Each structure stands twice: as C-alpha cells, then as structure tokens.
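Asker: One file: work_10.txt (compact mmCIF, C-alpha atoms).
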```txt
# COMPACT_ATOMS: atom_id res chain seq x y z
CA MET A 66 120.13 116.25 96.21
CA SER A 67 118.99 117.50 99.58
CA ARG A 68 121.02 120.40 100.92
CA SER A 69 118.97 120.98 104.00
CA GLY A 70 120.75 123.04 106.63
CA GLU A 71 123.34 124.72 104.44
CA ASP A 72 123.64 128.46 104.53
CA GLY A 73 125.08 131.56 103.02
CA GLU A 74 125.97 130.25 99.58
CA PRO A 75 125.77 132.55 96.57
CA ASP A 76 122.39 132.85 94.96
CA ALA A 77 122.66 131.03 91.63
CA ALA A 78 120.27 133.37 89.87
CA SER A 79 121.63 136.73 90.99
CA GLY A 80 125.24 135.89 91.85
CA SER A 81 124.92 137.91 95.03
CA PRO A 82 125.60 136.38 98.41
CA ASN A 83 122.52 135.19 100.20
CA VAL A 84 122.90 136.12 103.84
CA GLU A 85 119.82 134.29 105.05
CA PRO A 86 120.60 130.72 106.10
CA PHE A 87 118.41 128.02 104.65
CA ALA A 88 116.52 125.38 106.55
CA ILE A 89 115.57 123.82 103.20
CA ASP A 90 117.49 124.16 99.96
CA VAL A 91 116.74 121.32 97.60
CA PHE A 92 115.88 120.56 93.99
CA ASP A 93 112.37 119.22 93.56
CA TYR A 94 111.31 116.21 91.47
CA GLU A 95 111.41 118.36 88.33
CA GLY A 96 114.79 119.92 89.13
CA ILE A 97 113.42 123.24 90.35
CA ARG A 98 115.24 124.76 93.31
CA VAL A 99 113.03 125.03 96.40
CA THR A 100 114.08 126.95 99.49
CA CYS A 101 112.93 127.93 102.95
CA THR A 102 115.01 130.16 105.19
CA VAL A 103 115.62 129.34 108.83
CA GLN A 104 113.48 132.32 109.81
CA GLN A 105 110.60 131.16 107.60
CA TRP A 106 110.94 127.63 108.98
CA SER A 107 110.65 128.89 112.54
CA ILE A 108 107.38 130.70 111.72
CA LYS A 109 105.84 128.12 109.42
CA ILE A 110 106.88 124.94 111.17
CA ASP A 111 108.19 125.51 114.69
CA LEU A 112 105.25 127.78 115.53
CA GLY A 113 102.67 126.55 113.05
CA HIS A 114 103.33 122.81 112.83
CA PRO A 115 105.46 121.70 115.79
CA GLU A 116 104.97 118.05 114.82
CA LEU A 117 107.57 118.70 112.11
CA SER A 118 110.07 120.67 114.19
CA GLY A 119 113.55 119.39 113.38
CA GLU A 120 112.27 117.47 110.34
CA GLN A 121 113.96 119.61 107.69
CA VAL A 122 115.62 116.59 106.08
CA ALA A 123 112.35 114.65 105.86
CA VAL A 124 110.56 117.62 104.30
CA ALA A 125 113.44 118.14 101.86
CA GLU A 126 113.22 114.47 100.86
CA VAL A 127 109.52 114.80 100.12
CA ILE A 128 110.21 117.79 97.90
CA ALA A 129 113.01 115.99 96.08
CA ASP A 130 111.26 112.66 95.69
CA PRO A 131 107.50 112.78 96.25
CA GLU A 132 105.20 109.80 95.70
CA LEU A 133 102.30 112.01 94.72
CA VAL A 134 101.93 115.63 93.75
CA LEU A 135 98.54 117.26 94.19
CA GLN A 136 97.42 120.55 92.75
CA ASP A 137 96.49 123.09 95.42
CA ARG A 138 92.74 123.49 95.40
CA ASP A 139 92.86 127.28 95.53
CA TYR A 140 96.24 128.56 94.36
CA PRO A 141 97.24 127.59 90.80
CA ASP A 142 100.93 128.21 91.58
CA ARG A 143 101.03 125.90 94.61
CA ARG A 144 101.53 122.14 94.66
CA HIS A 145 101.29 119.65 97.51
CA LEU A 146 104.26 117.28 97.31
CA THR A 147 103.32 114.17 99.24
CA ARG A 148 104.89 111.01 100.56
CA SER A 149 103.51 108.32 102.85
CA THR A 150 105.18 107.71 106.20
CA PRO A 151 105.74 104.50 108.19
CA GLU A 152 102.99 105.69 110.55
CA ALA A 153 100.45 105.45 107.69
CA LEU A 154 100.24 109.23 107.38
CA TYR A 155 101.10 111.51 104.50
CA LEU A 156 103.88 114.07 104.87
CA VAL A 157 102.91 117.03 102.69
CA ALA A 158 105.16 119.90 101.60
CA VAL A 159 103.24 122.78 100.03
CA VAL A 160 105.45 124.60 97.53
CA GLU A 161 104.71 127.81 95.66
CA TYR A 162 106.42 128.26 92.30
CA GLN A 163 107.19 131.54 90.58
CA TYR A 164 109.60 133.01 88.11
CA LEU A 165 112.35 134.95 89.86
CA GLU A 166 115.11 136.53 87.84
CA ASP A 167 114.44 134.39 84.75
CA ALA A 168 114.33 131.12 86.65
CA LEU A 169 111.47 129.11 88.02
CA ARG A 170 111.93 128.86 91.76
CA GLY A 171 110.00 127.21 94.54
CA ARG A 172 109.36 128.35 98.06
CA LEU A 173 108.12 126.17 100.89
CA VAL A 174 104.71 127.52 101.93
CA THR A 175 104.08 125.05 104.72
CA ALA A 176 104.37 121.39 105.59
CA PHE A 177 102.15 119.10 107.60
CA LEU A 178 101.04 115.54 108.25
CA ARG A 179 97.74 114.38 106.77
CA ARG A 180 95.84 111.27 107.79
CA ARG A 181 93.99 110.88 104.54
CA LEU A 182 93.75 112.23 101.06
CA ARG A 183 90.47 113.46 99.67
CA SER A 184 88.85 111.43 96.95
CA ASP A 185 88.60 114.56 94.80
CA ASP A 186 92.21 115.67 95.26
CA HIS A 187 93.68 116.46 91.85
CA VAL A 188 96.79 114.33 91.30
CA ILE A 189 99.28 115.81 88.83
CA PHE A 190 102.25 113.49 89.36
CA VAL A 191 102.70 109.90 90.53
CA SER A 192 106.13 108.43 91.15
CA ILE A 193 106.69 105.18 89.22
CA ARG A 194 109.79 104.25 91.18
CA ARG A 195 107.90 102.52 94.00
CA MET B 131 90.78 105.61 102.60
CA ALA B 132 91.36 105.66 106.34
CA ILE B 133 88.30 105.67 108.55
CA ALA B 134 88.40 108.09 111.46
CA PRO B 135 85.70 109.59 113.64
CA THR B 136 84.76 113.20 113.25
CA PRO B 137 86.98 114.99 115.78
CA SER B 138 85.49 116.57 118.86
CA VAL B 139 86.26 119.88 120.59
CA ASN B 140 87.13 120.01 124.28
CA LEU B 141 85.54 123.33 125.19
CA GLU B 142 86.17 122.88 128.92
CA ALA B 143 89.91 122.79 128.39
CA PHE B 144 90.02 125.77 126.03
CA ASP B 145 91.83 128.45 128.05
CA ARG B 146 94.48 129.83 125.74
CA ILE B 147 94.82 130.71 122.10
CA THR B 148 97.86 131.19 119.90
CA VAL B 149 97.55 132.92 116.53
CA VAL B 150 100.35 132.78 113.96
CA TYR B 151 99.98 134.75 110.73
CA ASP B 152 102.53 134.25 107.97
CA ARG B 153 102.18 137.31 105.75
CA ASP B 154 104.37 135.98 102.93
CA ASP B 155 102.12 133.01 102.32
CA ASP B 156 98.90 134.52 103.69
CA ILE B 157 98.35 131.63 106.10
CA VAL B 158 96.90 131.92 109.59
CA VAL B 159 97.15 129.15 112.17
CA PHE B 160 95.11 129.09 115.37
CA HIS B 161 96.27 126.83 118.20
CA LEU B 162 93.87 125.99 121.03
CA ASP B 163 95.76 125.70 124.34
CA GLY B 164 99.18 126.12 122.79
CA PRO B 165 100.99 124.73 119.77
CA ARG B 166 101.36 120.96 119.87
CA PRO B 167 101.96 118.13 117.42
CA ALA B 168 98.87 117.34 115.37
CA ILE B 169 97.58 115.79 112.18
CA THR B 170 96.11 118.08 109.54
CA GLU B 171 92.69 117.32 108.04
CA ALA B 172 91.69 119.15 104.86
CA VAL B 173 88.00 119.97 105.20
CA ASP B 174 87.52 122.34 102.29
CA ASP B 175 89.54 124.48 99.92
CA SER B 176 91.88 126.50 102.15
CA TRP B 177 90.35 125.10 105.36
CA TYR B 178 92.38 122.72 107.52
CA LEU B 179 91.70 121.35 110.99
CA ARG B 180 94.53 120.37 113.33
CA VAL B 181 93.64 117.22 115.22
CA ALA B 182 95.43 115.30 117.99
CA ASP B 183 93.91 112.12 119.43
CA ASP B 184 90.66 112.89 117.60
CA VAL B 185 90.33 116.25 119.36
CA VAL B 186 90.55 119.54 117.47
CA VAL B 187 93.62 121.42 118.72
CA GLY B 188 93.65 124.16 116.11
CA MET B 189 92.94 125.14 112.58
CA GLU B 190 94.68 126.67 109.60
CA LEU B 191 93.33 128.90 106.85
CA HIS B 192 95.20 129.47 103.59
CA GLY B 193 94.59 132.80 101.89
CA LEU B 194 93.44 134.94 104.82
CA ARG B 195 93.71 138.22 102.92
CA ARG B 196 93.04 136.76 99.50
CA ALA B 197 90.10 134.48 100.20
CA PHE B 198 88.60 135.53 103.51
CA LEU B 199 89.20 139.26 103.93
CA SER B 200 88.08 139.83 100.36
CA THR B 201 84.70 138.25 101.12
CA PRO B 202 82.28 140.67 102.80
CA PHE B 203 80.81 138.03 105.14
CA TYR B 204 84.19 136.81 106.40
CA ALA B 205 85.73 140.29 106.37
CA SER B 206 83.15 141.52 108.85
CA LEU B 207 83.68 138.44 111.02
CA PHE B 208 87.46 138.74 110.99
CA ARG B 209 87.79 142.51 111.40
CA PRO B 210 87.56 142.69 115.25
CA ALA B 211 89.87 139.70 115.64
CA ILE B 212 92.45 141.16 113.27
CA HIS B 213 92.38 144.47 115.11
CA GLU B 214 92.95 142.59 118.35
CA LEU B 215 95.72 140.52 116.76
CA GLU B 216 97.50 143.63 115.49
CA GLN B 217 97.27 145.23 118.94
CA ALA B 218 98.64 142.13 120.63
CA GLY B 219 101.32 141.49 118.03
CA GLY B 220 102.45 145.10 117.88
CA ARG B 221 102.31 145.44 114.09
CA ALA B 222 99.88 145.57 111.21
CA LEU B 223 98.84 142.41 109.42
CA ILE B 224 100.64 143.38 106.23
CA GLU B 225 103.92 144.32 107.96
CA GLY B 226 105.27 140.85 108.56
CA PRO B 227 104.85 137.69 110.58
CA LEU B 228 102.42 138.21 113.42
CA VAL B 229 102.26 136.04 116.53
CA ALA B 230 99.95 136.56 119.48
CA GLU B 231 99.34 134.32 122.43
CA GLY B 232 97.09 134.81 125.42
CA SER B 233 94.20 133.58 127.46
CA THR B 234 90.72 133.56 126.04
CA ASN B 235 90.09 136.65 128.20
CA GLU B 236 93.13 138.42 126.78
CA LEU B 237 92.21 137.59 123.17
CA PRO B 238 88.40 137.38 123.31
CA MET B 239 87.72 138.28 119.68
CA ASN B 240 90.13 135.70 118.33
CA SER B 241 88.80 133.10 120.76
CA ARG B 242 85.21 133.65 119.65
CA LEU B 243 86.21 133.73 116.02
CA VAL B 244 88.15 130.48 116.19
CA LEU B 245 85.27 128.67 117.89
CA LEU B 246 82.92 129.81 115.17
CA LEU B 247 85.39 128.76 112.48
CA VAL B 248 86.07 125.39 114.09
CA GLY B 249 82.33 124.74 114.22
CA GLN B 250 82.01 125.61 110.57
CA ALA B 251 85.03 123.46 109.73
CA LEU B 252 83.57 120.46 111.56
CA ALA B 253 80.34 120.82 109.62
CA LYS B 254 82.36 120.92 106.39
CA TYR B 255 84.34 117.86 107.51
CA GLU B 256 81.19 115.88 108.24
CA ALA B 257 79.62 116.87 104.92
CA LEU B 258 82.80 115.89 103.09
CA ARG B 259 82.87 112.47 104.76
CA GLN B 260 79.22 111.80 103.99
CA ARG B 261 79.81 112.75 100.36
CA GLU B 262 82.81 110.42 100.14
CA PHE B 263 80.95 107.54 101.78
CA ALA B 264 78.04 108.03 99.38
CA ASP B 265 80.44 108.05 96.41
CA ALA B 266 82.19 104.93 97.70
CA GLY B 267 78.85 103.19 98.17
CA ARG B 268 77.78 104.04 94.63
CA ALA B 269 81.12 102.81 93.28
CA LEU B 270 80.74 99.49 95.15
CA LEU B 271 77.28 98.99 93.73
CA GLY B 272 78.51 99.87 90.27
CA SER B 273 76.01 102.63 89.77
```
Will you turn the file into structure tokens for me?
Answerer:
Amino acid sequence: MSRSGEDGEPDAASGSPNVEPFAIDVFDYEGIRVTCTVQQWSIKIDLGHPELSGEQVAVAEVIADPELVLQDRDYPDRRHLTRSTPEALYLVAVVEYQYLEDALRGRLVTAFLRRRLRSDDHVIFVSIRR
Amino acid sequence: MAIAPTPSVNLEAFDRITVVYDRDDDIVVFHLDGPRPAITEAVDDSWYLRVADDVVVGMELHGLRRAFLSTPFYASLFRPAIHELEQAGGRALIEGPLVAEGSTNELPMNSRLVLLLVGQALAKYEALRQREFADAGRALLGS
C-alpha cells in the first residue's frame, strides 16, 4: 500500500506526467490517495520537524493504517492520523483532504511526535484490528 | 494519560532563532537555537509547543494567515516580525516557503515575538493540564 519514495508516475486524475517526485504517495485507511512531494517534505519535516527526517515510510504507514484518527480542532478538512510508537509516543500525520479534478485527494500538512493526547480530542476513527 | 512536568524555557541559551513558514499549509514553526528533534505538545487549537528533555525548543502555529493575521490583536503583534521575516527571507509571505535563520540580534522582532508566544503557550499548557486533572479527579469521584 505504501509507495513512499516513488517518483514521476502519471497522475491518475489528470493523466499528465507528474514531474515532482514524491516523498509520500500512499492510500489512506479509507482508500484516498495522500501525497507529499520531496520538496514539501524538506520544508515540512526536514526543516520543521527534524525528529522525523528520513521517516517517510513510518509516516506513510500511519496514513495507511492509523490506530486513531482525530478531527483537526480548527480546520474541518484536516485530520490527524495517529499511531502509537514503541517509545510510548504518538506519531501523527496531519492530512488535508480536498476534491481535485473530481477525486478526493489528501495532502500531508505536517507530521510530528506527540507525548499525549488531549482528553477533549475528537476521535473520528478507531482501528479494530489491534 | 502520561504525566509530564510543564516544560521550562532556557532563556540563557537562547541565541539563535529559525523561522520556517509553509505558505501552502499556512504553518509557521519557530526553532530556538536551531532545529532539533523534539516532541510536540498541543496546548490549544492551532498552538503547539516543541519540547526536548522538558525544555521548550520551539513552537508551531497552524493557520498563521487564517487565524492569527486575521485577528487584530495578533496581526499587530505579528506585523513587525513578518516584515523582518520577509526581509530576511527575500520574499513576501504569500510568495512561497519562507525560511530565515539568525541570531536574536539579527532577527530581534521574531525573537521577541516568539518569547511572548512561548510564554502564552506555556500558560495555555498549564491551564489545559489543570483542567484535565480536575476532570480526571471528578471522574474518579464519580461526580
């Protein structure tokens, strides 16, 4: 499911070649394609969250198979896809969804490690596979 | 719920600031003394502290233009820092990703702004924890 690191494949929606390589290109837990270009990754993660530098596969796995999905507290079109880590932290991928060329698509907004969830976080999905 | 102390701020070691603004997602990240691995603590809607070893090493705001610059109070606070950021980054805020790094003397407006914001964020964090402890206490007592 995860296609992290692939590049240059045709855009499924438009049929035109996508020249920007992807750091993340994965289908989320509802089958919606979520992407992040290498350039976006370098700004969002390498500069913004260096603790996740080189962790494209881990972030893609969270998007594909989250344990919890939280509604963003401010943006209605953003969700926080979340999975616990062996270090007792939560790896969070924030994804923004929007209709692009007749298809719902997701875009990685940011990703980070959280120590705790808030008691008033609004859970909208819980994985039953664990 | 994990228990952790309210993080502190090492003001004596605060010499440099890095500001990263992602225009596409309207997110600004401030790093104190350079980007480094950290845990993110949500302290309020759109407010996040970056913490390493229980010390604040930065903060992140989601919706800079949408939530902060559209609020008169925050707009007036941010305006000098944004002007400084645009000068240092060589482009306007709305033109693309903006990155600026410098000493607190080279980026004085951003340095002052981030200290004010971190202080506000710590107050929010403490209030949030007290609220959660009070809720947990009430739940334990069944009231």
Asker: For chain B, list the residues within 7 Å of chain A, counting all atoms listed in the file, and write the list as a PDB file with C-alpha atoms, in the frame of the given file.
Answerer:
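New file out00.pdb:
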```pdb
ATOM      1  CA  MET B 131      90.780 105.610 102.600  1.00  0.00           C
ATOM      2  CA  ALA B 132      91.360 105.660 106.340  1.00  0.00           C
ATOM      3  CA  VAL B 150     100.350 132.780 113.960  1.00  0.00           C
ATOM      4  CA  ASP B 155     102.120 133.010 102.320  1.00  0.00           C
ATOM      5  CA  VAL B 159      97.150 129.150 112.170  1.00  0.00           C
ATOM      6  CA  PRO B 165     100.990 124.730 119.770  1.00  0.00           C
ATOM      7  CA  ARG B 166     101.360 120.960 119.870  1.00  0.00           C
ATOM      8  CA  PRO B 167     101.960 118.130 117.420  1.00  0.00           C
ATOM      9  CA  ALA B 168      98.870 117.340 115.370  1.00  0.00           C
ATOM     10  CA  ILE B 169      97.580 115.790 112.180  1.00  0.00           C
ATOM     11  CA  THR B 170      96.110 118.080 109.540  1.00  0.00           C
ATOM     12  CA  GLU B 171      92.690 117.320 108.040  1.00  0.00           C
ATOM     13  CA  ASP B 175      89.540 124.480  99.920  1.00  0.00           C
ATOM     14  CA  SER B 176      91.880 126.500 102.150  1.00  0.00           C
ATOM     15  CA  GLU B 262      82.810 110.420 100.140  1.00  0.00           C
TER      16      GLU B 262
END
```
Asker: Under the rule that only C-alpha atoms are counted, which of B:Gly164, B:Trp177, B:Asn140, B:Asp152 is the nearest residue to B:Ala253?
Answerer: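 Looking at the shortest contact to B:Ala253, the residue is B:Trp177.
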Asker: In file coordinates, which residues lie within 12 Å of (84.9, 118.5, 116.6) using all atoms listed in the file, given as a PDB file with C-alpha atoms, in the coordinates of the input?
Answerer:
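Result written to out_10.pdb:
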```
ATOM      1  CA  PRO B 135      85.700 109.590 113.640  1.00  0.00           C
ATOM      2  CA  THR B 136      84.760 113.200 113.250  1.00  0.00           C
ATOM      3  CA  PRO B 137      86.980 114.990 115.780  1.00  0.00           C
ATOM      4  CA  SER B 138      85.490 116.570 118.860  1.00  0.00           C
ATOM      5  CA  VAL B 139      86.260 119.880 120.590  1.00  0.00           C
ATOM      6  CA  ASN B 140      87.130 120.010 124.280  1.00  0.00           C
ATOM      7  CA  LEU B 141      85.540 123.330 125.190  1.00  0.00           C
ATOM      8  CA  GLU B 171      92.690 117.320 108.040  1.00  0.00           C
ATOM      9  CA  VAL B 173      88.000 119.970 105.200  1.00  0.00           C
ATOM     10  CA  LEU B 179      91.700 121.350 110.990  1.00  0.00           C
ATOM     11  CA  ARG B 180      94.530 120.370 113.330  1.00  0.00           C
ATOM     12  CA  VAL B 181      93.640 117.220 115.220  1.00  0.00           C
ATOM     13  CA  ALA B 182      95.430 115.300 117.990  1.00  0.00           C
ATOM     14  CA  ASP B 183      93.910 112.120 119.430  1.00  0.00           C
ATOM     15  CA  ASP B 184      90.660 112.890 117.600  1.00  0.00           C
ATOM     16  CA  VAL B 185      90.330 116.250 119.360  1.00  0.00           C
ATOM     17  CA  VAL B 186      90.550 119.540 117.470  1.00  0.00           C
ATOM     18  CA  VAL B 187      93.620 121.420 118.720  1.00  0.00           C
ATOM     19  CA  GLY B 188      93.650 124.160 116.110  1.00  0.00           C
ATOM     20  CA  MET B 189      92.940 125.140 112.580  1.00  0.00           C
ATOM     21  CA  LEU B 245      85.270 128.670 117.890  1.00  0.00           C
ATOM     22  CA  LEU B 246      82.920 129.810 115.170  1.00  0.00           C
ATOM     23  CA  LEU B 247      85.390 128.760 112.480  1.00  0.00           C
ATOM     24  CA  VAL B 248      86.070 125.390 114.090  1.00  0.00           C
ATOM     25  CA  GLY B 249      82.330 124.740 114.220  1.00  0.00           C
ATOM     26  CA  GLN B 250      82.010 125.610 110.570  1.00  0.00           C
ATOM     27  CA  ALA B 251      85.030 123.460 109.730  1.00  0.00           C
ATOM     28  CA  LEU B 252      83.570 120.460 111.560  1.00  0.00           C
ATOM     29  CA  ALA B 253      80.340 120.820 109.620  1.00  0.00           C
ATOM     30  CA  LYS B 254      82.360 120.920 106.390  1.00  0.00           C
ATOM     31  CA  TYR B 255      84.340 117.860 107.510  1.00  0.00           C
ATOM     32  CA  GLU B 256      81.190 115.880 108.240  1.00  0.00           C
TER      33      GLU B 256
END
```
Asker: Enter the distance from atom CA of B:Pro227 to atom CA of A:His145, in Å, rounded to one decimal.
Answerer: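 Separation between atom CA of B:Pro227 and atom CA of A:His145: 22.6 Å.
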Asker: In Å, how far is it from atom CA of A:Tyr162 to atom CA of A:Ile189?
Answerer: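 Between atom CA of A:Tyr162 and atom CA of A:Ile189 the gap is 14.8 Å.
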Asker: At a cut-off of 10 Å, using all atoms listed in the file, what residues contact A:Asp93? Leave out same-chain residues fewer than 6 positions from it and give the result as a PyMOL selection string.
Answerer: chain A and resi 66-67+99-100+125-131+146+160+170-171
Asker: Find, counting all atoms listed in the file, the residue in B:Arg259, B:Phe203, B:Ser233, B:Glu225 that gets nearest to B:His161.
Answerer: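 Comparing B:Arg259, B:Phe203, B:Ser233, B:Glu225 against B:His161, the winner is B:Ser233.
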Asker: With all atoms listed in the file as the basis for distance, which of B:Gly193, B:Tyr151, B:Glu214, B:Asp156 is at the shortest distance from B:Ser241?
Answerer: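 Between B:Gly193, B:Tyr151, B:Glu214, B:Asp156, the residue approaching B:Ser241 most closely is B:Glu214.
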